[in-house]
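Colleague: Got data_8.csv for you, CSV, C-alpha atoms:
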chain,number,residue,atom,x,y,z
A,798,MET,CA,112.8,65.4,73.7
A,799,ARG,CA,111.3,68.8,73.9
A,800,VAL,CA,112.4,69.1,77.5
A,801,SER,CA,116.0,68.3,76.6
A,802,ILE,CA,115.9,71.0,73.9
A,803,LEU,CA,114.6,73.6,76.3
A,804,ALA,CA,117.1,72.6,78.9
A,805,ALA,CA,119.9,72.8,76.3
A,806,ALA,CA,118.6,76.2,75.2
A,807,ALA,CA,118.5,77.4,78.8
A,808,VAL,CA,122.0,76.3,79.5
A,809,VAL,CA,123.2,78.0,76.3
A,810,SER,CA,121.4,81.3,77.0
A,811,LEU,CA,122.9,81.3,80.5
A,812,ALA,CA,126.3,80.6,79.0
A,813,ALA,CA,125.7,83.4,76.4
A,814,ALA,CA,124.8,85.8,79.3
A,815,GLY,CA,128.0,84.9,81.1
A,816,VAL,CA,130.0,85.4,77.9
A,817,ALA,CA,128.6,88.8,77.5
A,818,TYR,CA,130.6,89.8,80.6
A,819,ALA,CA,133.8,87.9,79.9
A,820,ALA,CA,134.5,88.7,76.3
A,821,LEU,CA,135.0,85.7,74.0
A,822,PRO,CA,138.7,85.3,72.9
A,823,LYS,CA,139.0,86.2,69.2
A,824,ASP,CA,140.2,82.8,67.9
A,825,LYS,CA,137.3,81.2,69.8
A,826,ALA,CA,134.8,83.7,68.4
A,827,LEU,CA,136.0,83.2,64.9
A,828,ALA,CA,135.9,79.4,65.3
A,829,ILE,CA,132.2,79.6,66.4
A,830,MET,CA,131.4,81.9,63.5
A,831,HIS,CA,133.0,79.5,61.1
A,832,ALA,CA,131.0,76.6,62.5
A,833,ARG,CA,127.9,78.7,62.3
A,834,HIS,CA,128.4,79.5,58.7
A,835,GLU,CA,129.2,76.0,57.7
A,836,GLY,CA,126.2,74.7,59.7
A,837,MET,CA,123.8,77.2,58.2
A,838,GLU,CA,125.1,76.5,54.7
A,839,LYS,CA,124.6,72.8,55.3
A,840,ILE,CA,121.0,73.4,56.5
A,841,GLY,CA,120.3,75.5,53.4
A,842,ASP,CA,121.8,72.8,51.1
A,843,THR,CA,119.9,70.1,52.8
A,844,ASN,CA,116.7,72.2,52.5
A,845,LYS,CA,117.2,72.5,48.8
A,846,LEU,CA,117.4,68.7,48.4
A,847,LEU,CA,114.5,68.2,50.7
A,848,ARG,CA,112.3,70.7,48.8
A,849,ARG,CA,112.9,68.9,45.6
A,850,GLU,CA,112.1,65.6,47.2
A,851,ILE,CA,109.0,66.8,49.0
A,852,THR,CA,107.5,68.6,46.1
A,853,SER,CA,108.1,65.8,43.6
A,854,SER,CA,105.1,63.6,42.7
A,855,ALA,CA,106.7,60.6,44.5
A,856,PRO,CA,108.9,61.7,47.4
A,857,PHE,CA,111.6,59.2,48.3
A,858,ALA,CA,111.0,58.5,52.0
A,859,PRO,CA,114.6,57.6,52.9
A,860,ALA,CA,115.9,60.8,51.4
A,861,VAL,CA,113.4,62.9,53.4
A,862,LYS,CA,114.3,60.9,56.5
A,863,SER,CA,118.0,61.6,56.2
A,864,GLY,CA,117.5,65.2,55.3
A,865,ALA,CA,115.2,65.8,58.2
A,866,ALA,CA,117.7,64.1,60.6
A,867,THR,CA,120.5,66.3,59.3
A,868,ILE,CA,118.6,69.5,59.9
A,869,PHE,CA,117.4,68.3,63.3
A,870,ASN,CA,120.9,67.6,64.4
A,871,LEU,CA,122.2,70.9,63.2
A,872,SER,CA,119.3,72.7,64.8
A,873,LYS,CA,120.4,71.4,68.1
A,874,GLN,CA,124.0,72.7,67.5
A,875,ALA,CA,122.5,76.1,66.6
A,876,SER,CA,122.1,76.7,70.4
A,877,GLY,CA,125.8,77.3,70.6
A,878,TRP,CA,126.2,79.4,67.4
A,879,PHE,CA,125.2,82.8,68.7
A,880,PRO,CA,127.2,83.8,71.8
A,881,ALA,CA,127.8,87.5,72.3
A,882,GLY,CA,130.9,88.7,70.5
A,883,THR,CA,130.3,86.8,67.3
A,884,GLY,CA,128.5,89.6,65.4
A,885,PRO,CA,129.7,91.7,62.5
A,886,GLU,CA,132.1,93.6,64.8
A,887,MET,CA,134.2,90.4,64.9
A,888,GLY,CA,134.2,89.4,61.2
A,889,ASN,CA,132.3,88.8,58.0
A,890,THR,CA,128.9,87.4,58.9
A,891,GLY,CA,125.3,87.4,58.0
A,892,ALA,CA,124.3,87.7,61.6
A,893,LYS,CA,122.9,91.1,62.4
A,894,PRO,CA,123.7,93.0,65.6
A,895,GLU,CA,120.0,93.0,66.4
A,896,ILE,CA,120.4,89.3,67.5
A,897,TRP,CA,122.2,90.5,70.6
A,898,LYS,CA,120.1,93.6,71.1
A,899,ASN,CA,116.8,91.6,71.1
A,900,GLN,CA,118.2,88.4,72.7
A,901,LYS,CA,114.8,87.4,74.2
A,902,ASN,CA,113.0,87.6,70.8
A,903,PHE,CA,115.9,85.9,69.0
A,904,GLN,CA,116.0,83.0,71.4
A,905,VAL,CA,112.2,82.5,71.0
A,906,LYS,CA,112.7,82.3,67.2
A,907,LEU,CA,115.7,80.0,67.5
A,908,ARG,CA,113.6,77.7,69.8
A,909,ASN,CA,110.7,77.8,67.3
A,910,PHE,CA,113.1,76.6,64.7
A,911,GLN,CA,114.4,73.8,66.9
A,912,THR,CA,110.9,72.7,67.8
A,913,ALA,CA,109.8,72.7,64.2
A,914,ALA,CA,113.0,70.8,63.1
A,915,ALA,CA,112.3,68.2,65.8
A,916,ALA,CA,108.6,67.8,64.7
A,917,PHE,CA,109.6,67.5,61.1
A,918,ASN,CA,112.2,64.9,62.0
A,919,ALA,CA,109.7,62.9,64.0
A,920,ALA,CA,107.2,62.8,61.1
A,921,ALA,CA,109.9,61.9,58.6
A,922,ALA,CA,111.3,59.2,60.8
A,923,ALA,CA,107.9,57.7,61.2
A,924,GLY,CA,107.7,57.5,57.4
A,925,ASP,CA,104.5,59.6,57.3
A,926,ILE,CA,105.1,61.6,54.1
A,927,ASN,CA,102.0,63.7,54.4
A,928,ALA,CA,102.7,64.7,57.9
A,929,ALA,CA,106.3,65.3,57.0
A,930,LYS,CA,105.1,67.7,54.2
A,931,ALA,CA,103.0,69.7,56.6
A,932,ARG,CA,105.8,69.8,59.2
A,933,TYR,CA,108.3,70.8,56.5
A,934,GLY,CA,106.1,73.8,55.6
A,935,ASP,CA,106.0,74.8,59.3
A,936,LEU,CA,109.8,74.5,59.5
A,937,GLY,CA,110.3,76.8,56.4
A,938,LYS,CA,108.3,79.5,58.2
A,939,THR,CA,110.5,79.4,61.2
A,940,CYS,CA,113.6,79.9,59.0
A,941,SER,CA,112.0,83.0,57.3
A,942,ALA,CA,110.7,84.4,60.5
A,943,CYS,CA,114.2,84.6,61.9
A,944,HIS,CA,116.1,85.4,58.8
A,945,ASP,CA,113.8,88.3,57.9
A,946,THR,CA,114.8,90.1,61.1
A,947,TYR,CA,118.2,88.8,62.0
A,948,ARG,CA,120.1,87.9,58.9
A,949,SER,CA,121.7,90.3,56.5
A,950,GLU,CA,122.7,89.5,52.9
A,951,MET,CA,126.2,88.1,52.9
A,952,HIS,CA,128.1,87.6,49.8
A,953,HIS,CA,131.1,85.4,49.9
B,1199,MET,CA,94.5,100.9,25.2
B,1200,PRO,CA,95.8,97.4,25.9
B,1201,VAL,CA,99.3,98.6,25.0
B,1202,ARG,CA,99.1,101.4,27.5
B,1203,LEU,CA,97.7,99.2,30.2
B,1204,VAL,CA,100.4,96.7,29.8
B,1205,HIS,CA,103.0,99.4,29.8
B,1206,TRP,CA,102.0,101.0,33.0
B,1207,THR,CA,101.3,97.8,34.8
B,1208,LEU,CA,104.7,96.5,33.8
B,1209,ALA,CA,106.4,99.6,35.0
B,1210,GLY,CA,104.6,99.3,38.4
B,1211,LEU,CA,105.3,95.5,38.7
B,1212,ILE,CA,109.0,96.0,37.9
B,1213,ALA,CA,109.3,98.5,40.7
B,1214,PHE,CA,107.3,96.3,43.0
B,1215,SER,CA,109.5,93.3,42.2
B,1216,TRP,CA,112.5,95.2,43.1
B,1217,TRP,CA,111.0,96.5,46.3
B,1218,SER,CA,109.5,93.2,47.5
B,1219,VAL,CA,112.7,91.2,47.1
B,1220,HIS,CA,114.7,93.7,49.0
B,1221,ASN,CA,112.2,93.8,51.8
B,1222,HIS,CA,111.8,90.2,52.7
B,1223,HIS,CA,108.7,89.6,50.6
B,1224,THR,CA,110.2,87.0,48.3
B,1225,ASP,CA,106.8,85.3,48.0
B,1226,TRP,CA,105.3,88.6,46.6
B,1227,HIS,CA,108.3,89.0,44.4
B,1228,ILE,CA,107.6,85.6,42.8
B,1229,TRP,CA,103.9,86.4,42.2
B,1230,SER,CA,104.9,89.7,40.7
B,1231,GLY,CA,107.1,87.8,38.3
B,1232,VAL,CA,104.3,85.5,37.3
B,1233,ALA,CA,102.1,88.6,36.7
B,1234,ILE,CA,104.8,90.1,34.5
B,1235,LEU,CA,105.0,86.8,32.6
B,1236,THR,CA,101.3,87.0,32.0
B,1237,LEU,CA,101.7,90.6,30.7
B,1238,LEU,CA,104.5,89.6,28.4
B,1239,ILE,CA,102.6,86.7,26.9
B,1240,PHE,CA,99.6,88.9,26.4
B,1241,ARG,CA,101.7,91.6,24.7
B,1242,LEU,CA,103.4,89.1,22.5
B,1243,LEU,CA,100.1,87.8,21.2
B,1244,TRP,CA,98.6,91.3,20.9
B,1245,GLY,CA,101.6,92.2,18.8
B,1246,PHE,CA,100.2,89.7,16.2
B,1247,VAL,CA,96.5,90.2,16.4
B,1248,GLY,CA,96.0,93.6,18.1
B,1249,SER,CA,95.7,97.2,17.0
B,1250,SER,CA,97.8,98.5,14.1
B,1251,THR,CA,100.2,100.4,16.4
B,1252,ALA,CA,100.6,97.4,18.7
B,1253,ARG,CA,101.7,95.0,15.9
B,1254,TRP,CA,105.3,93.9,15.7
B,1255,THR,CA,105.2,94.1,12.0
B,1256,GLY,CA,103.8,97.6,12.3
B,1257,PHE,CA,106.7,99.2,14.0
B,1258,ILE,CA,109.8,97.0,13.8
B,1259,ARG,CA,111.9,98.3,11.0
B,1260,GLY,CA,115.4,97.7,9.7
B,1261,PRO,CA,118.4,99.9,10.2
B,1262,ARG,CA,117.6,101.8,7.0
B,1263,ALA,CA,114.3,102.9,8.4
B,1264,VAL,CA,116.0,104.0,11.6
B,1265,ALA,CA,118.5,106.1,9.6
B,1266,ASN,CA,115.6,107.5,7.6
B,1267,TYR,CA,113.8,108.5,10.8
B,1268,LEU,CA,116.9,110.2,12.1
B,1269,ARG,CA,117.0,112.3,8.9
B,1270,GLY,CA,113.4,113.3,9.5
B,1271,GLY,CA,111.9,111.1,6.8
B,1272,TRP,CA,109.3,109.3,9.0
B,1273,TYR,CA,105.8,110.4,9.5
B,1274,GLY,CA,103.9,107.5,10.9
B,1275,ILE,CA,102.0,107.1,14.2
B,1276,GLY,CA,102.9,104.9,17.2
B,1277,HIS,CA,106.4,103.9,17.9
B,1278,ASN,CA,109.0,105.4,15.6
B,1279,PRO,CA,111.6,103.1,14.1
B,1280,LEU,CA,114.2,104.1,16.7
B,1281,GLY,CA,111.7,103.8,19.6
B,1282,ALA,CA,110.8,100.3,18.3
B,1283,LEU,CA,114.3,99.2,19.1
B,1284,SER,CA,113.8,100.4,22.7
B,1285,VAL,CA,110.5,98.4,22.9
B,1286,ILE,CA,112.2,95.3,21.7
B,1287,ALA,CA,115.2,95.7,24.0
B,1288,LEU,CA,113.0,96.2,27.1
B,1289,PHE,CA,110.7,93.4,26.1
B,1290,LEU,CA,113.5,90.9,25.7
B,1291,ALA,CA,115.4,92.0,28.8
B,1292,VAL,CA,112.3,91.6,30.9
B,1293,ALA,CA,111.4,88.3,29.3
B,1294,ILE,CA,114.9,87.0,30.0
B,1295,GLN,CA,114.6,88.2,33.6
B,1296,VAL,CA,111.3,86.5,34.2
B,1297,GLY,CA,112.7,83.3,32.5
B,1298,LEU,CA,115.7,83.3,34.8
B,1299,GLY,CA,113.5,83.9,37.8
B,1300,LEU,CA,111.3,80.9,37.1
B,1301,PHE,CA,114.3,78.6,37.5
B,1302,ALA,CA,116.0,80.4,40.4
B,1303,GLU,CA,116.0,79.6,44.1
B,1304,ASP,CA,117.2,81.7,47.0
B,1305,GLU,CA,120.3,81.0,49.1
B,1306,ASP,CA,118.4,79.0,51.7
B,1307,GLY,CA,116.2,77.1,49.4
B,1308,ILE,CA,113.1,78.5,51.1
B,1309,TYR,CA,111.8,80.4,48.1
B,1310,THR,CA,111.9,78.8,44.7
B,1311,GLY,CA,110.8,79.8,41.2
B,1312,PRO,CA,108.0,77.6,39.9
B,1313,LEU,CA,110.3,75.7,37.5
B,1314,SER,CA,113.4,75.4,39.7
B,1315,GLY,CA,112.5,71.7,40.3
B,1316,LEU,CA,113.1,71.0,36.7
B,1317,VAL,CA,116.8,71.8,36.9
B,1318,SER,CA,119.6,70.8,39.3
B,1319,ILE,CA,120.3,72.7,42.5
B,1320,GLU,CA,123.6,73.9,41.1
B,1321,THR,CA,121.9,75.3,38.0
B,1322,SER,CA,119.2,76.9,40.0
B,1323,ASP,CA,121.7,78.6,42.3
B,1324,ARG,CA,123.7,79.8,39.3
B,1325,VAL,CA,120.5,81.1,37.6
B,1326,ALA,CA,119.7,83.0,40.8
B,1327,GLY,CA,123.0,84.8,40.5
B,1328,ILE,CA,122.4,85.8,36.9
B,1329,HIS,CA,118.9,86.8,37.8
B,1330,GLU,CA,120.3,89.2,40.3
B,1331,ALA,CA,122.9,90.6,38.0
B,1332,TRP,CA,120.5,90.9,35.0
B,1333,PHE,CA,118.5,93.4,36.9
B,1334,ASN,CA,121.3,95.9,36.1
B,1335,VAL,CA,120.7,95.4,32.4
B,1336,ILE,CA,117.0,96.3,33.0
B,1337,LEU,CA,118.0,99.2,35.1
B,1338,GLY,CA,120.3,100.5,32.3
B,1339,LEU,CA,117.5,100.2,29.7
B,1340,VAL,CA,115.1,102.0,32.0
B,1341,VAL,CA,117.7,104.8,32.3
B,1342,VAL,CA,118.0,105.1,28.5
B,1343,HIS,CA,114.2,104.9,28.3
B,1344,LEU,CA,113.8,107.8,30.7
B,1345,ALA,CA,116.6,109.8,29.1
B,1346,ALA,CA,114.9,109.5,25.7
B,1347,ILE,CA,111.6,110.8,27.2
B,1348,LEU,CA,113.6,113.8,28.6
B,1349,PHE,CA,115.4,114.3,25.3
B,1350,TYR,CA,112.1,114.6,23.4
B,1351,ARG,CA,110.6,116.7,26.1
B,1352,LEU,CA,113.4,119.2,25.8
B,1353,ARG,CA,112.7,119.3,22.1
B,1354,GLY,CA,109.1,120.1,22.8
B,1355,LYS,CA,107.5,116.7,22.4
B,1356,SER,CA,105.8,114.8,25.2
B,1357,LEU,CA,106.0,111.0,24.9
B,1358,VAL,CA,104.3,110.5,28.3
B,1359,THR,CA,101.0,112.2,27.5
B,1360,PRO,CA,100.1,109.9,24.5
B,1361,MET,CA,101.2,106.9,26.6
B,1362,ILE,CA,98.5,107.9,29.1
B,1363,THR,CA,95.7,109.4,26.9
B,1364,GLY,CA,96.4,107.4,23.8
B,1365,LYS,CA,96.2,110.6,21.8
B,1366,ALA,CA,99.0,112.3,19.9
B,1367,GLU,CA,99.1,114.8,17.1
B,1368,ALA,CA,99.5,112.8,13.9
B,1369,ASP,CA,101.1,113.8,10.7
B,1370,PRO,CA,98.4,114.3,8.1
B,1371,ARG,CA,100.3,111.9,5.8
B,1372,ALA,CA,100.2,109.1,8.5
B,1373,GLN,CA,97.9,106.1,8.1
B,1374,PRO,CA,95.2,106.3,10.8
B,1375,MET,CA,95.4,103.9,13.6
B,1376,ARG,CA,93.3,100.7,13.4
B,1377,PRO,CA,92.2,99.8,16.9
B,1378,GLY,CA,92.1,96.1,18.0
B,1379,LYS,CA,89.0,94.3,18.9
B,1380,TRP,CA,88.2,93.9,22.6
B,1381,TRP,CA,87.1,90.3,22.4
B,1382,ILE,CA,90.4,89.4,20.7
B,1383,ALA,CA,92.2,91.2,23.6
B,1384,LEU,CA,90.2,89.0,26.0
B,1385,ILE,CA,91.1,85.8,24.2
B,1386,CYS,CA,94.8,86.9,24.3
B,1387,LEU,CA,94.5,87.6,28.1
B,1388,ALA,CA,92.8,84.2,28.6
B,1389,ILE,CA,95.6,82.4,26.8
B,1390,ALA,CA,98.2,84.4,28.8
B,1391,LEU,CA,96.6,83.6,32.1
B,1392,GLY,CA,96.3,79.9,31.1
B,1393,LEU,CA,99.9,79.6,30.1
B,1394,SER,CA,101.1,81.4,33.3
B,1395,ARG,CA,99.0,79.1,35.4
B,1396,TRP,CA,100.6,76.1,33.7
B,1397,VAL,CA,104.0,77.5,34.5
B,1398,VAL,CA,103.0,78.1,38.1
B,1399,ALA,CA,102.0,74.4,38.4
B,1400,GLY,CA,105.5,73.5,37.4
B,1401,ILE,CA,104.8,72.4,33.7
B,1402,PRO,CA,104.6,68.8,32.3
B,1403,PRO,CA,101.0,67.7,32.9
B,1404,PHE,CA,100.4,70.2,35.7
B,1405,GLY,CA,103.4,69.4,37.9
B,1406,PRO,CA,107.1,68.6,37.9
Produce structure tokens that represent the structure in this file.
Modeller:
Amino acid sequence: MRVSILAAAAVVSLAAAGVAYAALPKDKALAIMHARHEGMEKIGDTNKLLRREITSSAPFAPAVKSGAATIFNLSKQASGWFPAGTGPEMGNTGAKPEIWKNQKNFQVKLRNFQTAAAAFNAAAAAGDINAAKARYGDLGKTCSACHDTYRSEMHH
Amino acid sequence: MPVRLVHWTLAGLIAFSWWSVHNHHTDWHIWSGVAILTLLIFRLLWGFVGSSTARWTGFIRGPRAVANYLRGGWYGIGHNPLGALSVIALFLAVAIQVGLGLFAEDEDGIYTGPLSGLVSIETSDRVAGIHEAWFNVILGLVVVHLAAILFYRLRGKSLVTPMITGKAEADPRAQPMRPGKWWIALICLAIALGLSRWVVAGIPPFGP
């Protein structure tokens, strides 16, 4: 599982490097930005549901399971959400230009997020609520770690 | 003394709350809000059992008293009838802000107020928007507050010095101030800390 994520990330970063030379057509860039926005919003909304479930006195395991799966699947898609040319110069976005200035660091943070989402999903799928709680905490930290540096406030 | 301590701590915490939320320290922002909640509860109680100048009944007056003050017919100590309105406005505005913050959650659902689990996600998101907008009300009141200080300063009266030292020249006709008792202050503080702790736990019997 982890190997496949790493492989996917490697392929995408290679692709991103290629794209940096051949500029992304505008319609394609906007489509990716839209998918990114919708995806991130979905992750946020799912997280809100999950937080309520996980912090409640009796978490409902199936709800945690499906939420974890949603975030895990979106986290895999996130590898394709940040090609060069999809920053604020292209359109309204919360993605800061620093993402493409510090690609190496950004990719590490993105991978941390994907790894944490996979671990959380594994714990939730196994039905281990206590483990899921702990992995959920780790996951939240990877969100903040990236957003603190690479995401600007975006009002829409 | 408790009044002055609450005042300056509150001023510092409001500034800190603003700074922390704009610098990716939402966790600190939430704790700052809880600290403000504690201060407000303490001040509320102290306004009933504290020193004579701290008591709500001691300085909250009707419009007639405000008009009388403006004509120069007031010679008490502590907050004058007009200043009392400012105290009330600020106290309420900050209380509303803290109340909203308790139920708010951020855009990503990563940071949540301690009571956000008691309301729906939609409500919590809406509350977060109001919480953000309401800060402008507080900012407006702070501007009025500072403008009043400047106004009195220009007329030769410092409002800041007595707020630091606790000493001001009193009119000989004024009733002297009756200080509160330190152990009553401690009880108020204990109650304020206890209630805040309860809120942090998420209410009902110590949890949502």
Colleague: Kindly give the distance, in Å, that separates atom CA of B:Ala1390 and atom CA of B:His1205, rounded to a single decimal.
Modeller: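 Here the two named atoms are 15.8 Å from each other.
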Colleague: Under the rule that all atoms listed in the file are counted, which of A:Ala929, A:Gly937, A:Ala832, A:Tyr947 is the nearest residue to chain B?
Modeller: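 Comparing A:Ala929, A:Gly937, A:Ala832, A:Tyr947 against chain B, the winner is A:Gly937.
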Colleague: Residues within 10 Å of A:Asp945, please, as a list in words. Count all atoms listed in the file; anything in the same chain fewer than 5 positions from it doesn't count.
Modeller: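 In the requested format, the answer is Cys940 of chain A; Asn1221, His1222 and His1223 of chain B.
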Colleague: Determine, counting only C-alpha atoms, which protein, DNA and RNA residues have an atom within 9 Å of an atom of B:Arg1259; residues of the same chain fewer than 3 positions away are not included. Present the result as a list in words.
Modeller: Thr1255, Gly1256, Arg1262, Ala1263, Val1264, Asn1278, Pro1279, Leu1280, Ala1282 and Leu1283 of chain B
Colleague: Taking only C-alpha atoms into account and nothing else, which residues of chain B lie no more than 12 Å away from chain A? Please answer as a VMD selection string.
Modeller: chain B and resid 1219 to 1225 1302 to 1320 1322 to 1323 1327 1399 to 1400 1402 to 1406
Colleague: Near A:Gly888, within 12 Å and counting only C-alpha atoms, which residues show up once chain neighbours fewer than 2 positions away are dropped, as a VMD selection string?
Modeller: chain A and resid 823 to 824 826 to 831 834 882 to 886 890 to 894 951
Colleague: Go ahead and find all residues with at least one atom no further than 6 Å from (109.4, 64.5, 57.8) in the file's coordinates, using all atoms listed in the file; report them as JSON, numbers by chain.
Modeller: {"A": [865, 917, 918, 920, 921, 929]}
Colleague: Once you have the residues from the selection above, write them out as a PDB file, in the frame of the given file, restricted to C-alpha atoms.
Modeller:
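Final output, out12.pdb:
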ATOM      1  CA  ALA A 865     115.200  65.800  58.200  1.00  0.00           C
ATOM      2  CA  PHE A 917     109.600  67.500  61.100  1.00  0.00           C
ATOM      3  CA  ASN A 918     112.200  64.900  62.000  1.00  0.00           C
ATOM      4  CA  ALA A 920     107.200  62.800  61.100  1.00  0.00           C
ATOM      5  CA  ALA A 921     109.900  61.900  58.600  1.00  0.00           C
ATOM      6  CA  ALA A 929     106.300  65.300  57.000  1.00  0.00           C
TER       7      ALA A 929
END
Colleague: Work out how far apart atom CA of B:Ala1252 and atom CA of B:Val1201 are and give it in Å to one decimal.
Modeller: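 Taking atom CA of B:Ala1252 as the start and atom CA of B:Val1201 as the end point, the length is 6.5 Å.
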Colleague: I'd like to know which of A:Thr867, A:Asn889, A:Ser949, A:Ser876 is closest to A:Leu907, using all atoms listed in the file.
Modeller: A:Ser876
Colleague: Hey, can you check how far atom CA of B:Ala1368 sits from atom CA of B:Ile1239?
Modeller: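 Atom CA of B:Ile1239 lies 29.3 Å from atom CA of B:Ala1368.
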Colleague: Can you tell me, as JSON, numbers by chain, what residues are no more than 7 Å from stretch 1296-1298 of chain B when counting all atoms listed in the file, ignoring any on the same chain fewer than 4 positions away?
Modeller: {"B": [1231, 1235, 1292, 1302, 1325, 1329]}
